[in-house]
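Below is my_file.cif, holding mmCIF, C-alpha atoms.
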data_work
#
loop_
_atom_site.group_PDB
_atom_site.id
_atom_site.type_symbol
_atom_site.label_atom_id
_atom_site.label_comp_id
_atom_site.auth_asym_id
_atom_site.auth_seq_id
_atom_site.Cartn_x
_atom_site.Cartn_y
_atom_site.Cartn_z
ATOM 1 C CA MET A 496 -5.463 -12.270 9.492
ATOM 2 C CA HIS A 497 -6.306 -11.728 13.157
ATOM 3 C CA ASP A 498 -5.916 -8.884 15.672
ATOM 4 C CA MET A 499 -5.451 -6.239 13.028
ATOM 5 C CA THR A 500 -6.648 -2.710 12.537
ATOM 6 C CA TYR A 501 -6.058 -1.369 9.035
ATOM 7 C CA ILE A 502 -6.974 2.235 8.258
ATOM 8 C CA LEU A 503 -8.014 2.761 4.621
ATOM 9 C CA PHE A 504 -8.135 6.207 3.030
ATOM 10 C CA ASP A 505 -8.847 7.822 -0.331
ATOM 11 C CA ILE A 506 -7.723 11.463 -0.373
ATOM 12 C CA GLY A 507 -9.136 13.069 -3.497
ATOM 13 C CA GLY A 508 -8.926 16.636 -4.704
ATOM 14 C CA THR A 509 -12.509 17.242 -3.492
ATOM 15 C CA ASN A 510 -13.251 14.772 -0.666
ATOM 16 C CA MET A 511 -11.409 12.356 1.566
ATOM 17 C CA ARG A 512 -12.893 8.988 2.538
ATOM 18 C CA VAL A 513 -11.606 7.090 5.562
ATOM 19 C CA THR A 514 -12.659 3.747 7.034
ATOM 20 C CA VAL A 515 -11.313 0.825 9.060
ATOM 21 C CA THR A 516 -11.108 -2.948 8.644
ATOM 22 C CA ARG A 517 -10.456 -5.387 11.461
ATOM 23 C CA ASP A 518 -10.685 -8.607 9.436
ATOM 24 C CA GLY A 519 -8.677 -7.647 6.341
ATOM 25 C CA THR A 520 -11.569 -8.390 3.985
ATOM 26 C CA SER A 521 -14.490 -6.017 4.700
ATOM 27 C CA PHE A 522 -14.833 -2.427 5.867
ATOM 28 C CA GLY A 523 -17.480 -0.166 7.300
ATOM 29 C CA GLU A 524 -19.264 2.866 5.869
ATOM 30 C CA PRO A 525 -16.534 5.462 5.242
ATOM 31 C CA GLU A 526 -16.322 8.868 6.890
ATOM 32 C CA ILE A 527 -16.457 11.468 4.077
ATOM 33 C CA VAL A 528 -15.269 15.069 4.535
ATOM 34 C CA PRO A 529 -14.046 17.802 2.158
ATOM 35 C CA THR A 530 -10.273 17.539 1.626
ATOM 36 C CA PRO A 531 -8.544 20.545 3.262
ATOM 37 C CA LYS A 532 -6.287 22.377 0.798
ATOM 38 C CA ASP A 533 -3.769 23.140 3.563
ATOM 39 C CA PHE A 534 -1.463 20.212 4.389
ATOM 40 C CA ASP A 535 -1.310 20.695 8.176
ATOM 41 C CA ASN A 536 -5.084 21.064 8.338
ATOM 42 C CA GLY A 537 -5.433 18.004 6.075
ATOM 43 C CA THR A 538 -3.242 15.735 8.211
ATOM 44 C CA ASP A 539 -4.942 16.969 11.405
ATOM 45 C CA THR A 540 -8.347 16.187 9.871
ATOM 46 C CA LEU A 541 -7.242 12.721 8.752
ATOM 47 C CA ILE A 542 -5.733 11.885 12.171
ATOM 48 C CA SER A 543 -8.858 13.154 13.942
ATOM 49 C CA ILE A 544 -11.090 10.854 11.845
ATOM 50 C CA ILE A 545 -8.738 7.918 12.448
ATOM 51 C CA GLY A 546 -8.898 8.585 16.208
ATOM 52 C CA LYS A 547 -12.701 8.497 16.067
ATOM 53 C CA LEU A 548 -12.670 5.218 14.105
ATOM 54 C CA THR A 549 -10.117 3.421 16.297
ATOM 55 C CA LYS A 550 -11.041 4.867 19.729
ATOM 56 C CA GLY A 551 -7.372 4.643 20.706
ATOM 57 C CA GLU A 552 -6.744 0.993 19.798
ATOM 58 C CA PRO A 553 -3.332 0.231 18.217
ATOM 59 C CA ILE A 554 -3.165 0.538 14.417
ATOM 60 C CA THR A 555 -1.535 -2.280 12.417
ATOM 61 C CA ALA A 556 -1.074 -0.308 9.178
ATOM 62 C CA ILE A 557 -2.483 2.623 7.219
ATOM 63 C CA GLY A 558 -2.771 3.046 3.464
ATOM 64 C CA GLY A 559 -4.557 4.540 0.514
ATOM 65 C CA GLY A 560 -4.473 6.919 -2.401
ATOM 66 C CA ILE A 561 -3.709 10.640 -2.694
ATOM 67 C CA ALA A 562 -4.590 12.853 -5.672
ATOM 68 C CA GLY A 563 -1.438 13.447 -7.695
ATOM 69 C CA PRO A 564 1.815 11.823 -8.828
ATOM 70 C CA LEU A 565 4.158 10.709 -6.044
ATOM 71 C CA ASP A 566 7.922 10.410 -5.846
ATOM 72 C CA ARG A 567 9.587 7.087 -6.711
ATOM 73 C CA TYR A 568 9.548 5.943 -3.075
ATOM 74 C CA ARG A 569 5.898 6.906 -2.537
ATOM 75 C CA THR A 570 6.601 9.271 0.359
ATOM 76 C CA LYS A 571 5.295 12.631 -0.948
ATOM 77 C CA LEU A 572 3.384 14.281 -3.775
ATOM 78 C CA VAL A 573 5.538 15.794 -6.516
ATOM 79 C CA ASN A 574 2.608 17.569 -8.183
ATOM 80 C CA SER A 575 -1.135 17.861 -7.672
ATOM 81 C CA PRO A 576 -3.562 20.036 -9.651
ATOM 82 C CA HIS A 577 -6.073 20.114 -6.764
ATOM 83 C CA LEU A 578 -3.874 19.823 -3.651
ATOM 84 C CA HIS A 579 -1.113 22.404 -4.206
ATOM 85 C CA GLY A 580 -0.619 22.821 -0.457
ATOM 86 C CA TRP A 581 0.271 19.128 -0.038
ATOM 87 C CA VAL A 582 3.018 19.032 -2.706
ATOM 88 C CA GLY A 583 6.524 18.239 -1.429
ATOM 89 C CA LYS A 584 5.354 17.611 2.153
ATOM 90 C CA PRO A 585 6.616 14.403 3.854
ATOM 91 C CA ILE A 586 3.174 12.775 4.083
ATOM 92 C CA LYS A 587 4.346 9.220 4.820
ATOM 93 C CA GLU A 588 6.879 10.298 7.458
ATOM 94 C CA ILE A 589 4.480 12.592 9.317
ATOM 95 C CA LEU A 590 1.639 10.047 9.409
ATOM 96 C CA GLU A 591 3.992 7.291 10.587
ATOM 97 C CA GLN A 592 5.345 9.523 13.364
ATOM 98 C CA ARG A 593 1.948 10.654 14.570
ATOM 99 C CA LEU A 594 0.148 7.315 14.289
ATOM 100 C CA SER A 595 2.997 4.922 15.193
ATOM 101 C CA ALA A 596 2.189 2.550 12.338
ATOM 102 C CA PRO A 597 3.530 1.804 8.840
ATOM 103 C CA VAL A 598 1.948 3.927 6.080
ATOM 104 C CA HIS A 599 1.611 2.796 2.441
ATOM 105 C CA ILE A 600 0.543 5.509 -0.032
ATOM 106 C CA GLU A 601 -0.018 5.489 -3.769
ATOM 107 C CA ASN A 602 -1.596 7.729 -6.408
ATOM 108 C CA ASP A 603 -5.382 7.852 -5.940
ATOM 109 C CA THR A 604 -6.229 6.742 -9.488
ATOM 110 C CA ALA A 605 -3.782 3.840 -9.167
ATOM 111 C CA ILE A 606 -5.489 2.763 -5.945
ATOM 112 C CA VAL A 607 -8.975 2.939 -7.520
ATOM 113 C CA GLY A 608 -7.662 0.904 -10.463
ATOM 114 C CA LEU A 609 -6.235 -1.647 -8.044
ATOM 115 C CA GLY A 610 -9.667 -1.883 -6.415
ATOM 116 C CA GLU A 611 -11.341 -2.528 -9.776
ATOM 117 C CA ALA A 612 -8.652 -5.090 -10.682
ATOM 118 C CA THR A 613 -9.047 -7.070 -7.446
ATOM 119 C CA ALA A 614 -12.680 -6.590 -6.383
ATOM 120 C CA GLY A 615 -14.455 -4.977 -9.348
ATOM 121 C CA ALA A 616 -14.826 -5.160 -13.125
ATOM 122 C CA GLY A 617 -11.263 -6.391 -13.763
ATOM 123 C CA ARG A 618 -11.054 -9.148 -11.168
ATOM 124 C CA GLY A 619 -9.543 -12.391 -12.396
ATOM 125 C CA ARG A 620 -7.617 -10.695 -15.245
ATOM 126 C CA GLU A 621 -3.826 -10.672 -15.333
ATOM 127 C CA ILE A 622 -3.238 -7.228 -16.905
ATOM 128 C CA VAL A 623 -5.824 -4.516 -16.246
ATOM 129 C CA ALA A 624 -5.759 -0.990 -17.684
ATOM 130 C CA TYR A 625 -7.896 1.346 -15.573
ATOM 131 C CA ILE A 626 -8.840 4.743 -17.001
ATOM 132 C CA THR A 627 -10.825 7.415 -15.167
ATOM 133 C CA VAL A 628 -12.591 10.182 -17.101
ATOM 134 C CA SER A 629 -13.694 12.739 -14.552
ATOM 135 C CA THR A 630 -12.645 16.305 -13.655
ATOM 136 C CA GLY A 631 -9.341 15.176 -15.190
ATOM 137 C CA VAL A 632 -8.258 12.014 -16.994
ATOM 138 C CA GLY A 633 -5.969 9.472 -15.323
ATOM 139 C CA GLY A 634 -5.144 5.810 -15.355
ATOM 140 C CA VAL A 635 -2.981 2.951 -14.195
ATOM 141 C CA ARG A 636 -1.645 -0.412 -15.352
ATOM 142 C CA ILE A 637 -2.256 -3.258 -12.897
ATOM 143 C CA VAL A 638 -0.289 -6.493 -13.388
ATOM 144 C CA ARG A 639 -1.160 -9.610 -11.354
ATOM 145 C CA GLU A 640 -3.075 -7.570 -8.777
ATOM 146 C CA ARG A 641 -0.228 -5.068 -8.222
ATOM 147 C CA VAL A 642 0.232 -1.508 -9.416
ATOM 148 C CA ASP A 643 2.840 -1.881 -12.161
ATOM 149 C CA VAL A 644 6.292 -0.433 -11.444
ATOM 150 C CA SER A 645 6.996 3.065 -12.750
ATOM 151 C CA ALA A 646 9.459 5.901 -12.179
ATOM 152 C CA SER A 647 6.824 8.618 -11.648
ATOM 153 C CA GLY A 648 3.416 6.970 -11.967
ATOM 154 C CA PHE A 649 1.114 6.690 -14.989
ATOM 155 C CA GLU A 650 -0.500 9.693 -16.710
ATOM 156 C CA PRO A 651 -2.409 8.466 -19.805
ATOM 157 C CA GLY A 652 -4.581 11.607 -19.715
ATOM 158 C CA HIS A 653 -1.541 13.648 -20.733
ATOM 159 C CA GLN A 654 -0.923 11.750 -23.982
ATOM 160 C CA ILE A 655 -1.082 14.014 -27.050
ATOM 161 C CA ILE A 656 -3.862 12.911 -29.376
ATOM 162 C CA ASP A 657 -4.133 16.002 -31.599
ATOM 163 C CA ALA A 658 -0.894 17.857 -32.301
ATOM 164 C CA GLY A 659 -2.391 20.311 -34.813
ATOM 165 C CA GLY A 660 -5.970 20.818 -33.642
ATOM 166 C CA GLY A 661 -7.369 18.861 -36.582
ATOM 167 C CA LEU A 662 -9.871 16.948 -34.434
ATOM 168 C CA LEU A 663 -11.918 20.077 -33.757
ATOM 169 C CA LEU A 664 -15.164 20.349 -35.681
ATOM 170 C CA SER A 665 -16.029 23.691 -37.283
ATOM 171 C CA ASN A 666 -18.922 24.310 -34.860
ATOM 172 C CA GLU A 667 -16.884 23.570 -31.719
ATOM 173 C CA PRO A 668 -15.512 26.376 -29.579
ATOM 174 C CA PRO A 669 -11.766 26.821 -30.150
ATOM 175 C CA PHE A 670 -9.378 25.834 -27.384
ATOM 176 C CA PRO A 671 -5.687 24.905 -27.242
ATOM 177 C CA GLY A 672 -6.340 21.217 -26.582
ATOM 178 C CA VAL A 673 -3.799 18.636 -27.636
ATOM 179 C CA THR A 674 -3.960 16.043 -24.838
ATOM 180 C CA LEU A 675 -6.701 13.520 -24.168
ATOM 181 C CA GLU A 676 -7.506 15.284 -20.875
ATOM 182 C CA GLU A 677 -7.852 18.651 -22.620
ATOM 183 C CA TYR A 678 -10.432 17.143 -24.962
ATOM 184 C CA ILE A 679 -12.657 14.941 -22.805
ATOM 185 C CA SER A 680 -12.241 15.825 -19.102
ATOM 186 C CA GLY A 681 -15.220 17.286 -17.259
ATOM 187 C CA SER A 682 -13.360 20.515 -16.457
ATOM 188 C CA SER A 683 -12.344 20.993 -20.102
ATOM 189 C CA VAL A 684 -15.873 20.364 -21.394
ATOM 190 C CA GLU A 685 -17.310 22.817 -18.856
ATOM 191 C CA ARG A 686 -14.735 25.457 -19.797
ATOM 192 C CA ARG A 687 -15.464 25.126 -23.526
ATOM 193 C CA TYR A 688 -19.245 24.856 -23.439
ATOM 194 C CA GLY A 689 -20.039 26.960 -20.387
ATOM 195 C CA LYS A 690 -22.136 24.316 -18.640
ATOM 196 C CA LYS A 691 -21.771 21.158 -16.583
ATOM 197 C CA PRO A 692 -21.285 18.056 -18.759
ATOM 198 C CA TYR A 693 -24.432 16.370 -17.356
ATOM 199 C CA MET A 694 -26.463 19.287 -18.762
ATOM 200 C CA ILE A 695 -25.425 18.352 -22.322
ATOM 201 C CA THR A 696 -27.936 15.806 -23.602
ATOM 202 C CA GLU A 697 -27.198 15.696 -27.365
ATOM 203 C CA ALA A 698 -26.248 12.162 -28.426
ATOM 204 C CA ASP A 699 -23.945 13.514 -31.169
ATOM 205 C CA PHE A 700 -21.847 15.364 -28.588
ATOM 206 C CA TRP A 701 -21.339 12.244 -26.460
ATOM 207 C CA ASP A 702 -20.558 10.174 -29.556
ATOM 208 C CA ARG A 703 -17.764 12.665 -30.391
ATOM 209 C CA MET A 704 -16.440 12.297 -26.843
ATOM 210 C CA ALA A 705 -16.542 8.494 -27.270
ATOM 211 C CA ARG A 706 -14.501 8.824 -30.492
ATOM 212 C CA LEU A 707 -11.875 10.997 -28.776
ATOM 213 C CA LEU A 708 -11.663 8.571 -25.850
ATOM 214 C CA ALA A 709 -11.217 5.726 -28.355
ATOM 215 C CA TYR A 710 -8.170 7.517 -29.820
ATOM 216 C CA GLY A 711 -6.652 7.705 -26.350
ATOM 217 C CA LEU A 712 -7.494 4.071 -25.582
ATOM 218 C CA ASN A 713 -5.896 3.009 -28.880
ATOM 219 C CA ASN A 714 -2.586 4.474 -27.687
ATOM 220 C CA THR A 715 -2.950 3.086 -24.164
ATOM 221 C CA ILE A 716 -3.780 -0.413 -25.449
ATOM 222 C CA VAL A 717 -0.853 -0.594 -27.886
ATOM 223 C CA HIS A 718 1.544 0.553 -25.130
ATOM 224 C CA TRP A 719 0.148 -1.465 -22.206
ATOM 225 C CA SER A 720 -1.335 -4.522 -24.005
ATOM 226 C CA PRO A 721 -3.994 -5.231 -21.341
ATOM 227 C CA ASP A 722 -6.440 -8.126 -21.091
ATOM 228 C CA ILE A 723 -9.205 -5.664 -20.170
ATOM 229 C CA VAL A 724 -9.769 -1.906 -20.037
ATOM 230 C CA VAL A 725 -11.949 -0.695 -17.150
ATOM 231 C CA ILE A 726 -13.274 2.871 -17.461
ATOM 232 C CA GLY A 727 -14.642 4.858 -14.517
ATOM 233 C CA GLY A 728 -15.287 8.460 -13.530
ATOM 234 C CA SER A 729 -18.074 11.024 -13.578
ATOM 235 C CA MET A 730 -17.964 11.433 -17.390
ATOM 236 C CA MET A 731 -19.011 7.789 -17.803
ATOM 237 C CA LYS A 732 -22.373 8.074 -16.033
ATOM 238 C CA LYS A 733 -25.870 7.759 -17.550
ATOM 239 C CA ILE A 734 -25.538 11.193 -19.171
ATOM 240 C CA GLY A 735 -21.989 10.751 -20.355
ATOM 241 C CA ILE A 736 -19.718 8.800 -22.693
ATOM 242 C CA PRO A 737 -21.426 5.557 -23.828
ATOM 243 C CA VAL A 738 -19.043 2.581 -23.542
ATOM 244 C CA ASP A 739 -20.654 0.780 -26.483
ATOM 245 C CA ARG A 740 -19.792 3.757 -28.738
ATOM 246 C CA VAL A 741 -16.204 3.763 -27.413
ATOM 247 C CA ARG A 742 -15.966 0.072 -28.371
ATOM 248 C CA ALA A 743 -17.435 0.763 -31.824
ATOM 249 C CA HIS A 744 -14.993 3.594 -32.568
ATOM 250 C CA LEU A 745 -12.076 1.533 -31.254
ATOM 251 C CA ARG A 746 -12.970 -1.359 -33.565
ATOM 252 C CA GLY A 747 -12.710 1.098 -36.451
ATOM 253 C CA ILE A 748 -9.192 2.299 -35.591
ATOM 254 C CA LEU A 749 -7.304 -0.471 -33.731
ATOM 255 C CA HIS A 750 -6.312 -3.195 -36.206
ATOM 256 C CA ILE A 751 -2.812 -4.305 -35.128
ATOM 257 C CA TYR A 752 -4.240 -7.009 -32.825
ATOM 258 C CA PRO A 753 -6.638 -9.747 -33.990
ATOM 259 C CA GLU A 754 -9.158 -8.737 -31.317
ATOM 260 C CA LEU A 755 -9.768 -5.918 -28.851
ATOM 261 C CA PRO A 756 -9.371 -6.381 -25.129
ATOM 262 C CA ASP A 757 -12.670 -6.169 -23.260
ATOM 263 C CA ILE A 758 -13.764 -2.551 -22.703
ATOM 264 C CA VAL A 759 -16.044 -2.302 -19.641
ATOM 265 C CA LYS A 760 -17.360 0.201 -17.106
ATOM 266 C CA ALA A 761 -16.040 0.297 -13.557
ATOM 267 C CA GLU A 762 -18.238 -1.392 -10.927
ATOM 268 C CA LEU A 763 -17.220 -0.081 -7.509
ATOM 269 C CA GLY A 764 -18.178 3.606 -7.730
ATOM 270 C CA ASP A 765 -17.009 5.869 -4.907
ATOM 271 C CA VAL A 766 -15.536 3.018 -2.806
ATOM 272 C CA GLY A 767 -13.149 1.691 -5.479
ATOM 273 C CA GLY A 768 -10.250 3.482 -3.766
ATOM 274 C CA LEU A 769 -11.030 1.846 -0.416
ATOM 275 C CA TYR A 770 -11.082 -1.636 -1.947
ATOM 276 C CA GLY A 771 -7.775 -0.783 -3.616
ATOM 277 C CA ALA A 772 -6.333 0.545 -0.346
ATOM 278 C CA LEU A 773 -7.301 -2.694 1.422
ATOM 279 C CA HIS A 774 -5.535 -4.843 -1.174
ATOM 280 C CA HIS A 775 -2.518 -2.482 -1.250
ATOM 281 C CA ILE A 776 -2.057 -2.590 2.534
ATOM 282 C CA ARG A 777 -2.401 -6.379 2.637
ATOM 283 C CA THR A 778 0.264 -6.957 -0.031
ATOM 284 C CA LYS A 779 2.641 -4.315 1.390
ATOM 285 C CA GLU A 780 2.308 -5.723 4.898
ATOM 286 C CA GLU A 781 2.940 -9.271 3.609
ATOM 287 C CA GLU A 782 6.090 -7.989 1.869
ATOM 288 C CA ARG A 783 7.178 -6.139 5.030
ATOM 289 C CA MET A 784 6.652 -9.170 7.272
ATOM 290 C CA ALA A 785 8.455 -11.458 4.807
ATOM 291 C CA GLY A 786 11.372 -9.010 4.776
ATOM 292 C CA GLN A 787 11.542 -9.034 8.578
ATOM 293 C CA LYS A 788 11.577 -12.856 8.701
ATOM 294 C CA SER A 789 14.386 -13.125 6.149
ATOM 295 C CA SER A 790 16.600 -10.496 7.804
#

Give the structure from the file, written as structure tokens.
Amino acid sequence: MHDMTYILFDIGGTNMRVTVTRDGTSFGEPEIVPTPKDFDNGTDTLISIIGKLTKGEPITAIGGGIAGPLDRYRTKLVNSPHLHGWVGKPIKEILEQRLSAPVHIENDTAIVGLGEATAGAGRGREIVAYITVSTGVGGVRIVRERVDVSASGFEPGHQIIDAGGGLLLSNEPPFPGVTLEEYISGSSVERRYGKKPYMITEADFWDRMARLLAYGLNNTIVHWSPDIVVIGGSMMKKIGIPVDRVRAHLRGILHIYPELPDIVKAELGDVGGLYGALHHIRTKEEERMAGQKSS
């Protein structure tokens, strides 16, 4: 891998991170800015940062994750809770036109999961389930260091875990939660309890969250059959859902397999998406070059 300039990005609902690699293996400290909610402003901001990073040198390829499910061909967002103004816009086409380089985009959670599967807690495993418990709940299935094929992406946070509201305890505030995300996401907890999750320090509360997450992981594991489950996100921090309690609850409910897959915390933190973007670009560019040689 010589004479290359890969631009890596992670466009989240709150911030975008952008960096560059010239050796295909390491990257510099990312530029971090708030993600503009307006699409034109967002693409202008991204292109401005890229110009600063490259100083006009030719770009080999660009890639990364964007917050929300994408269309089958990974050219535009079809929905996005935090980036409404970006939905339906031809992101791939516009970036390729303005930057004169191939662009490879994927869902942001999928790209973070790919990072964890190739450079983080899941490296060396064939089938990795990555789950993020943050403002929302998302996830991805990674098979042999590739985001698994899907028609519309993976949304394990939207699985129904409580059709009748029976999981609510009598002292919990009522809310119309039926999905995993509606029970354990940071935004849902804040809405129900009127404070930021990190301000809740009662061990019993976090044990209940661990039990609810275990119900969701039970469903994800029986559908995806992974070697390892990697869990990241802001709800998994020091004040947050304890992974050992998730494992304990899961042992109590998941009996169809002789043993559980490993359940571990993510390792890469805020740069997981950039590691994933690097791997994604490399594999997509290898596929593209192989296609050119064979045609």

Would you mind telling me which residue in A:Pro597, A:Pro756, A:Gly508, A:Gly681 lies nearest to Gly580 of chain A when using all atoms listed in the file?
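Of A:Pro597, A:Pro756, A:Gly508, A:Gly681, the one nearest Gly580 of chain A is A:Gly508, counting all atoms listed in the file.
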
Selected residue of minimal separation from Gly558 of chain A among A:Arg742, A:His750, A:Arg512, A:Lys690, counting all atoms listed in the file:
A:Arg512

Let me know the residues the PyMOL selection byres ((chain A and resi 587) around 12) catches in the file above, as an MDAnalysis selection string.
chainID A and resid 538 556:561 565:566 568:572 581 583:586 588:601

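What separates atom CA of Gly728 of chain A from atom CA of Ile502 of chain A is a distance of 24.1 Å.
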
Restricting the calculation to only C-alpha atoms: of A:Glu667, A:Asp699, A:Glu781, A:Glu611, which residue gets closest to Glu762 of chain A?
A:Glu611

N, CA and C atoms are what I want for segment 564-575 of chain A; can you complete it accordingly and write them as a JSON list (two decimals), keeping the file's coordinate frame?
[["chain", "number", "residue", "atom", "x", "y", "z"],
["A", 564, "PRO", "N", 0.67, 12.72, -8.71],
["A", 564, "PRO", "CA", 1.82, 11.82, -8.83],
["A", 564, "PRO", "C", 2.74, 11.93, -7.62],
["A", 565, "LEU", "N", 3.27, 10.79, -7.21],
["A", 565, "LEU", "CA", 4.16, 10.71, -6.04],
["A", 565, "LEU", "C", 5.60, 10.47, -6.48],
["A", 566, "ASP", "N", 6.52, 10.70, -5.56],
["A", 566, "ASP", "CA", 7.92, 10.41, -5.85],
["A", 566, "ASP", "C", 8.12, 8.89, -5.97],
["A", 567, "ARG", "N", 9.30, 8.50, -6.44],
["A", 567, "ARG", "CA", 9.59, 7.09, -6.71],
["A", 567, "ARG", "C", 9.36, 6.21, -5.48],
["A", 568, "TYR", "N", 9.65, 6.75, -4.30],
["A", 568, "TYR", "CA", 9.55, 5.94, -3.08],
["A", 568, "TYR", "C", 8.19, 6.08, -2.39],
["A", 569, "ARG", "N", 7.27, 6.77, -3.03],
["A", 569, "ARG", "CA", 5.90, 6.91, -2.54],
["A", 569, "ARG", "C", 5.86, 7.48, -1.12],
["A", 570, "THR", "N", 6.56, 8.61, -0.95],
["A", 570, "THR", "CA", 6.60, 9.27, 0.36],
["A", 570, "THR", "C", 5.96, 10.65, 0.34],
["A", 571, "LYS", "N", 5.85, 11.27, -0.86],
["A", 571, "LYS", "CA", 5.30, 12.63, -0.95],
["A", 571, "LYS", "C", 4.78, 12.89, -2.36],
["A", 572, "LEU", "N", 3.88, 13.85, -2.47],
["A", 572, "LEU", "CA", 3.38, 14.28, -3.78],
["A", 572, "LEU", "C", 4.44, 15.14, -4.45],
["A", 573, "VAL", "N", 4.63, 14.93, -5.76],
["A", 573, "VAL", "CA", 5.54, 15.79, -6.52],
["A", 573, "VAL", "C", 4.77, 16.83, -7.34],
["A", 574, "ASN", "N", 3.47, 16.63, -7.47],
["A", 574, "ASN", "CA", 2.61, 17.57, -8.18],
["A", 574, "ASN", "C", 1.18, 17.22, -7.79],
["A", 575, "SER", "N", 0.28, 18.16, -7.91],
["A", 575, "SER", "CA", -1.14, 17.86, -7.67],
["A", 575, "SER", "C", -1.97, 19.06, -8.10]]
